[in-house]
file structure.csv (CSV, C-alpha atoms)
chain,number,residue,atom,x,y,z
Y,199,MET,CA,-28.8,54.3,19.8
Y,200,LEU,CA,-28.6,50.5,19.7
Y,201,ASP,CA,-25.6,48.8,21.1
Y,202,PRO,CA,-23.8,46.6,18.6
Y,203,VAL,CA,-24.6,42.9,18.9
Y,204,PRO,CA,-21.4,41.1,20.1
Y,205,ARG,CA,-20.3,38.2,18.0
Y,206,PRO,CA,-20.5,34.9,19.7
Y,207,ALA,CA,-17.3,33.7,21.1
Y,208,SER,CA,-17.8,30.4,19.4
Y,209,GLY,CA,-17.2,32.0,16.0
Y,210,LEU,CA,-13.5,31.8,16.2
Y,211,ALA,CA,-13.6,28.3,17.5
Y,212,VAL,CA,-15.8,27.3,14.6
Y,213,ARG,CA,-13.4,28.8,12.1
Y,214,CYS,CA,-10.4,27.2,13.7
Y,215,THR,CA,-12.1,23.8,13.7
Y,216,ARG,CA,-13.0,24.2,10.0
Y,217,ALA,CA,-9.4,25.1,9.2
Y,218,LEU,CA,-8.0,22.3,11.3
Y,219,PHE,CA,-10.2,19.7,9.5
Y,220,SER,CA,-10.0,21.2,6.0
Y,221,PRO,CA,-8.9,18.9,3.2
Y,222,TRP,CA,-5.4,20.5,2.9
Y,223,SER,CA,-4.9,20.3,6.7
Y,224,ARG,CA,-5.7,16.6,6.7
Y,225,LEU,CA,-3.4,16.1,3.7
Y,226,SER,CA,-0.6,17.9,5.5
Y,227,LEU,CA,-1.1,15.6,8.5
Y,228,LEU,CA,-0.9,12.6,6.2
Y,229,VAL,CA,2.3,13.8,4.7
Y,230,ALA,CA,3.8,14.5,8.1
Y,231,MET,CA,2.8,11.0,9.3
Y,232,LEU,CA,4.3,9.3,6.3
Y,233,ALA,CA,7.5,11.3,6.5
Y,234,ALA,CA,7.9,10.4,10.2
Y,235,ALA,CA,7.2,6.7,9.4
Y,236,ALA,CA,9.8,6.8,6.6
Y,237,VAL,CA,12.4,8.4,8.9
Y,238,THR,CA,11.7,5.8,11.6
Y,239,VAL,CA,12.2,3.0,9.1
Y,240,VAL,CA,15.5,4.4,8.0
Y,241,LEU,CA,16.7,4.7,11.6
Y,242,TYR,CA,15.4,1.3,12.7
Y,243,GLU,CA,16.6,-0.7,9.6
Y,244,PRO,CA,14.1,-3.5,9.6
Y,245,GLN,CA,16.3,-5.4,7.1
Y,246,ARG,CA,18.4,-6.4,10.2
Y,247,MET,CA,15.8,-9.1,10.7
Y,248,LEU,CA,17.4,-11.1,7.9
Y,249,SER,CA,20.8,-11.1,9.7
Y,250,ALA,CA,20.0,-10.8,13.4
Y,251,GLY,CA,16.8,-12.9,13.3
Y,252,TRP,CA,13.7,-12.7,15.5
Y,253,PRO,CA,14.0,-12.0,19.2
Y,254,PRO,CA,14.6,-15.4,20.9
Y,255,GLN,CA,12.1,-14.7,23.6
Y,256,LEU,CA,9.3,-14.6,21.0
Y,257,SER,CA,8.3,-17.9,19.5
Y,258,GLY,CA,5.3,-20.0,18.4
Y,259,ALA,CA,2.0,-18.6,17.2
Y,260,ALA,CA,2.5,-15.4,19.2
Y,261,ALA,CA,5.6,-14.6,17.2
Y,262,VAL,CA,3.8,-15.3,13.9
Y,263,VAL,CA,0.9,-13.0,14.9
Y,264,LEU,CA,3.3,-10.2,16.1
Y,265,PHE,CA,5.3,-10.4,12.9
Y,266,GLY,CA,2.1,-10.1,10.9
Y,267,VAL,CA,1.2,-6.9,12.8
Y,268,ALA,CA,4.7,-5.5,12.4
Y,269,TYR,CA,4.6,-6.4,8.7
Y,270,GLY,CA,1.4,-4.4,8.2
Y,271,ALA,CA,2.9,-1.4,10.0
Y,272,CYS,CA,6.1,-1.6,8.0
Y,273,THR,CA,4.4,-1.7,4.6
Y,274,ALA,CA,2.3,1.3,5.6
Y,275,ALA,CA,5.7,3.0,6.3
Y,276,PHE,CA,7.1,2.1,2.8
Y,277,VAL,CA,9.2,-0.9,3.8
Y,278,PRO,CA,9.5,-3.0,0.6
Y,279,ARG,CA,7.3,-6.1,0.8
Y,280,PRO,CA,9.9,-8.4,-0.9
Y,281,LEU,CA,12.2,-7.8,2.0
Y,282,LEU,CA,9.5,-8.6,4.6
Y,283,ASN,CA,8.4,-11.7,2.7
Y,284,LEU,CA,12.0,-13.0,2.6
Y,285,ALA,CA,12.2,-12.3,6.3
Y,286,ALA,CA,9.0,-14.2,7.0
Y,287,GLY,CA,10.2,-17.3,5.2
Y,288,ALA,CA,13.6,-17.2,6.8
Y,289,LEU,CA,12.2,-16.7,10.3
Y,290,PHE,CA,9.1,-19.0,10.3
Y,291,GLY,CA,9.4,-21.3,7.3
Y,292,SER,CA,7.2,-21.6,4.2
Y,293,GLN,CA,3.7,-22.2,5.8
Y,294,ALA,CA,3.7,-20.0,8.9
Y,295,GLY,CA,5.7,-17.4,7.1
Y,296,PHE,CA,3.2,-17.3,4.3
Y,297,VAL,CA,0.2,-16.9,6.6
Y,298,SER,CA,1.9,-14.2,8.6
Y,299,ALA,CA,3.1,-12.3,5.4
Y,300,LEU,CA,-0.3,-12.5,3.7
Y,301,ALA,CA,-2.1,-11.3,6.8
Y,302,GLY,CA,0.4,-8.4,7.2
Y,303,THR,CA,-0.1,-7.5,3.5
Y,304,VAL,CA,-3.8,-7.1,3.9
Y,305,LEU,CA,-3.4,-5.3,7.2
Y,306,GLY,CA,-0.8,-2.9,5.7
Y,307,ALA,CA,-3.0,-2.2,2.7
Y,308,GLY,CA,-6.0,-1.5,4.9
Y,309,ILE,CA,-4.0,0.9,7.0
Y,310,SER,CA,-2.7,2.8,4.0
Y,311,PHE,CA,-6.1,2.8,2.3
Y,312,THR,CA,-7.8,4.2,5.4
Y,313,LEU,CA,-5.2,6.9,5.9
Y,314,GLY,CA,-5.4,7.9,2.3
Y,315,ARG,CA,-9.2,7.9,2.2
Y,316,LEU,CA,-9.7,9.9,5.4
Y,317,LEU,CA,-6.8,12.4,5.1
Y,318,GLY,CA,-6.0,12.7,1.4
Y,319,GLN,CA,-8.9,12.0,-0.8
Y,320,ASP,CA,-10.8,15.3,-0.5
Y,321,ALA,CA,-7.6,17.3,-1.2
Y,322,LEU,CA,-6.2,15.2,-4.0
Y,323,ARG,CA,-9.3,14.4,-6.1
Y,324,PRO,CA,-9.6,17.9,-7.6
Y,325,LEU,CA,-6.0,17.6,-8.8
Y,326,LEU,CA,-6.7,14.6,-11.0
Y,327,ARG,CA,-6.5,16.5,-14.3
Y,328,GLY,CA,-3.8,14.8,-16.3
Y,329,ARG,CA,-4.8,12.2,-18.9
Y,330,TRP,CA,-3.0,9.4,-17.2
Y,331,LEU,CA,-4.3,10.3,-13.8
Y,332,LYS,CA,-7.8,10.5,-15.1
Y,333,ALA,CA,-7.5,7.2,-16.8
Y,334,ALA,CA,-6.1,5.5,-13.7
Y,335,ASP,CA,-8.8,7.0,-11.5
Y,336,ALA,CA,-11.6,5.9,-13.9
Y,337,GLN,CA,-10.2,2.4,-14.0
Y,338,LEU,CA,-10.0,2.0,-10.3
Y,339,SER,CA,-13.3,3.6,-9.6
Y,340,ARG,CA,-15.3,1.6,-12.2
Y,341,HIS,CA,-13.5,-1.7,-12.2
Y,342,GLY,CA,-11.9,-1.6,-8.7
Y,343,PHE,CA,-11.6,-5.3,-8.0
Y,344,ARG,CA,-10.4,-6.3,-11.4
Y,345,SER,CA,-7.9,-3.5,-11.6
Y,346,MET,CA,-6.5,-4.0,-8.1
Y,347,LEU,CA,-6.3,-7.8,-8.7
Y,348,ALA,CA,-4.2,-7.2,-11.8
Y,349,VAL,CA,-1.9,-4.8,-10.0
Y,350,ARG,CA,-1.3,-7.3,-7.2
Y,351,LEU,CA,-0.8,-10.2,-9.6
Y,352,PHE,CA,1.7,-8.3,-11.7
Y,353,PRO,CA,3.7,-6.3,-9.2
Y,354,GLY,CA,4.9,-3.5,-11.4
Y,355,VAL,CA,3.3,-0.7,-9.3
Y,356,PRO,CA,4.9,-0.2,-5.8
Y,357,PHE,CA,2.6,-1.6,-3.1
Y,358,ALA,CA,2.3,1.7,-1.1
Y,359,ALA,CA,1.6,3.7,-4.3
Y,360,ALA,CA,-1.2,1.4,-5.3
Y,361,ASN,CA,-2.8,1.6,-1.9
Y,362,TYR,CA,-2.9,5.4,-1.9
Y,363,CYS,CA,-4.0,5.7,-5.5
Y,364,ALA,CA,-6.9,3.3,-4.7
Y,365,ALA,CA,-7.7,5.4,-1.6
Y,366,VAL,CA,-8.0,8.6,-3.7
Y,367,SER,CA,-10.2,6.9,-6.2
Y,368,ARG,CA,-13.9,5.9,-5.6
Y,369,MET,CA,-12.9,2.3,-5.0
Y,370,ARG,CA,-14.7,0.6,-2.0
Y,371,TYR,CA,-13.0,-1.1,0.9
Y,372,VAL,CA,-14.2,-4.7,0.4
Y,373,PRO,CA,-13.2,-5.0,-3.3
Y,374,PHE,CA,-9.8,-3.4,-2.5
Y,375,LEU,CA,-9.0,-5.7,0.5
Y,376,LEU,CA,-10.4,-8.8,-1.3
Y,377,ALA,CA,-8.4,-8.1,-4.5
Y,378,THR,CA,-5.3,-7.5,-2.4
Y,379,ALA,CA,-5.6,-10.8,-0.5
Y,380,ILE,CA,-6.2,-12.9,-3.6
Y,381,GLY,CA,-3.8,-11.1,-5.9
Y,382,SER,CA,-0.9,-11.1,-3.4
Y,383,ILE,CA,-0.9,-14.9,-2.8
Y,384,PRO,CA,1.4,-16.0,-5.7
Y,385,ASN,CA,4.0,-13.3,-5.3
Y,386,THR,CA,4.0,-13.5,-1.5
Y,387,ALA,CA,4.3,-17.3,-1.6
Y,388,ALA,CA,7.2,-17.1,-4.0
Y,389,TYR,CA,9.2,-14.7,-1.9
Y,390,VAL,CA,8.4,-16.6,1.4
Y,391,VAL,CA,9.6,-19.9,-0.2
Y,392,ALA,CA,12.7,-18.2,-1.5
Y,393,GLY,CA,13.4,-16.9,2.0
Y,394,SER,CA,12.8,-20.2,3.7
Y,395,ARG,CA,15.1,-22.0,1.2
Y,396,ALA,CA,17.8,-19.3,0.9
Y,397,GLY,CA,20.3,-21.6,2.7
Y,398,SER,CA,20.0,-24.1,-0.2
Y,399,PRO,CA,20.0,-22.0,-3.4
Y,400,THR,CA,20.3,-25.0,-5.6
Y,401,SER,CA,17.1,-26.7,-4.3
Y,402,PRO,CA,14.2,-27.1,-6.7
Y,403,ALA,CA,11.9,-25.1,-4.5
Y,404,PHE,CA,14.2,-22.1,-4.4
Y,405,LEU,CA,14.8,-22.2,-8.1
Y,406,ILE,CA,11.1,-22.4,-8.9
Y,407,ALA,CA,10.3,-19.5,-6.6
Y,408,MET,CA,13.0,-17.3,-8.1
Y,409,GLY,CA,11.9,-18.3,-11.6
Y,410,PHE,CA,8.4,-17.2,-10.8
Y,411,ILE,CA,9.6,-13.9,-9.4
Y,412,VAL,CA,11.6,-13.2,-12.5
Y,413,VAL,CA,8.7,-14.2,-14.9
Y,414,THR,CA,6.1,-12.1,-13.1
Y,415,GLY,CA,8.5,-9.1,-13.0
Y,416,LEU,CA,9.0,-9.4,-16.8
Y,417,ALA,CA,5.2,-9.8,-17.3
Y,418,ALA,CA,4.6,-6.7,-15.3
Y,419,ALA,CA,7.0,-4.7,-17.4
Y,420,TRP,CA,5.4,-6.0,-20.6
Y,421,VAL,CA,1.9,-5.1,-19.4
Y,422,ALA,CA,3.0,-1.6,-18.4
Y,423,TRP,CA,4.7,-1.1,-21.8
Y,424,CYS,CA,1.5,-2.2,-23.6
Y,425,LYS,CA,-0.7,0.0,-21.4
Y,426,ARG,CA,1.5,3.0,-22.0
Y,427,HIS,CA,1.3,2.7,-25.8
Y,428,ARG,CA,-2.4,2.2,-25.6
Y,429,LEU,CA,-2.9,5.4,-23.6
Y,430,ARG,CA,-0.6,7.2,-26.1
Y,431,GLY,CA,-2.8,5.9,-29.0
Y,432,ARG,CA,-5.9,7.3,-27.3
call {"tool": "encode", "arguments": {"input": "structure.csv", "output": "structure tokens"}}
result
Amino acid sequence: MLDPVPRPASGLAVRCTRALFSPWSRLSLLVAMLAAAAVTVVLYEPQRMLSAGWPPQLSGAAAVVLFGVAYGACTAAFVPRPLLNLAAGALFGSQAGFVSALAGTVLGAGISFTLGRLLGQDALRPLLRGRWLKAADAQLSRHGFRSMLAVRLFPGVPFAAANYCAAVSRMRYVPFLLATAIGSIPNTAAYVVAGSRAGSPTSPAFLIAMGFIVVTGLAAAWVAWCKRHRLRGR
């Protein structure tokens, strides 16, 4: 009588590895990371930068670079970009603040896109069944640069939501980052200028910046309204 062939000990390890790296396990890890980041933001209260200012021991180019890195991490953790843009202008002025804020914008978008692509895409793509979800996915996948450029120019979609939606779609890295960098320039500049001139709210620069912010906000609402009715018509 033949003895039963023992199963290799590595079988359990293989199954555990597959379960650990399955799409839903990776998505759970992403959700846990984002929840932890959101809790950290709530506890830390980054809006205190507008009142307390930047640490006095940090100054010059190093401070601008460090703020850009912190900006990117904060946007990935759902800190509103307008708040960070105002802080950049208030802390470093129009020029240095704009450079730091724009670099942080691209960095934060890249972090969110990478996390969404590696940890969330495989699990979420099969769930794109609704009409609006399919339409958004098709638009981002086929016309990635043009679509993301429009989203950044007319900031009606929250920054983090746009990043993760693009990550779930078939959009590529380079068009995503390039459209983010170009499309974020006007809105970022307006908020940074407003932050740098907040001490003189009657100055022409402040009034122009605020006017631009209001106009782009209304334009974003109008575009969203038109898009909604067009999808209903289809």
call {"tool": "closest_residue", "arguments": {"input": "structure.csv", "among": "Y:Ala407, Y:Val267, Y:Val412, Y:Ala259", "to": "Gly393 in chain Y", "atoms": "all atoms listed in the file"}}
result
Y:Ala407
call {"tool": "closest_residue", "arguments": {"input": "structure.csv", "among": "Y:Ala364, Y:Ala336, Y:Ile406, Y:Ala299", "to": "Gly266 in chain Y", "atoms": "only C-alpha atoms"}}
result
Y:Ala299
call {"tool": "closest_residue", "arguments": {"input": "structure.csv", "among": "Y:Ala348, Y:Leu228, Y:Leu338, Y:Leu281", "to": "Arg370 in chain Y", "atoms": "only C-alpha atoms"}}
result
Y:Leu338
call {"tool": "closest_residue", "arguments": {"input": "structure.csv", "among": "Y:Val229, Y:Ala365, Y:Val372, Y:Cys424", "to": "Arg315 in chain Y", "atoms": "only C-alpha atoms"}}
result
Y:Ala365
call {"tool": "atom_distance", "arguments": {"input": "structure.csv", "atom1": "CA of Ala417 in chain Y", "atom2": "CA of Val277 in chain Y"}}
result
23.2 Å
call {"tool": "atom_distance", "arguments": {"input": "structure.csv", "atom1": "CA of Val237 in chain Y", "atom2": "CA of Cys272 in chain Y"}}
result
11.9 Å
call {"tool": "atom_distance", "arguments": {"input": "structure.csv", "atom1": "CA of Val391 in chain Y", "atom2": "CA of Val297 in chain Y"}}
result
12.0 Å
call {"tool": "closest_residue", "arguments": {"input": "structure.csv", "among": "Y:Gly306, Y:Gly314, Y:Gly287, Y:Pro353", "to": "Leu416 in chain Y", "atoms": "all atoms listed in the file"}}
result
Y:Pro353
call {"tool": "closest_residue", "arguments": {"input": "structure.csv", "among": "Y:Leu347, Y:Ala359, Y:Ala294, Y:Met408", "to": "Gly381 in chain Y", "atoms": "only C-alpha atoms"}}
result
Y:Leu347
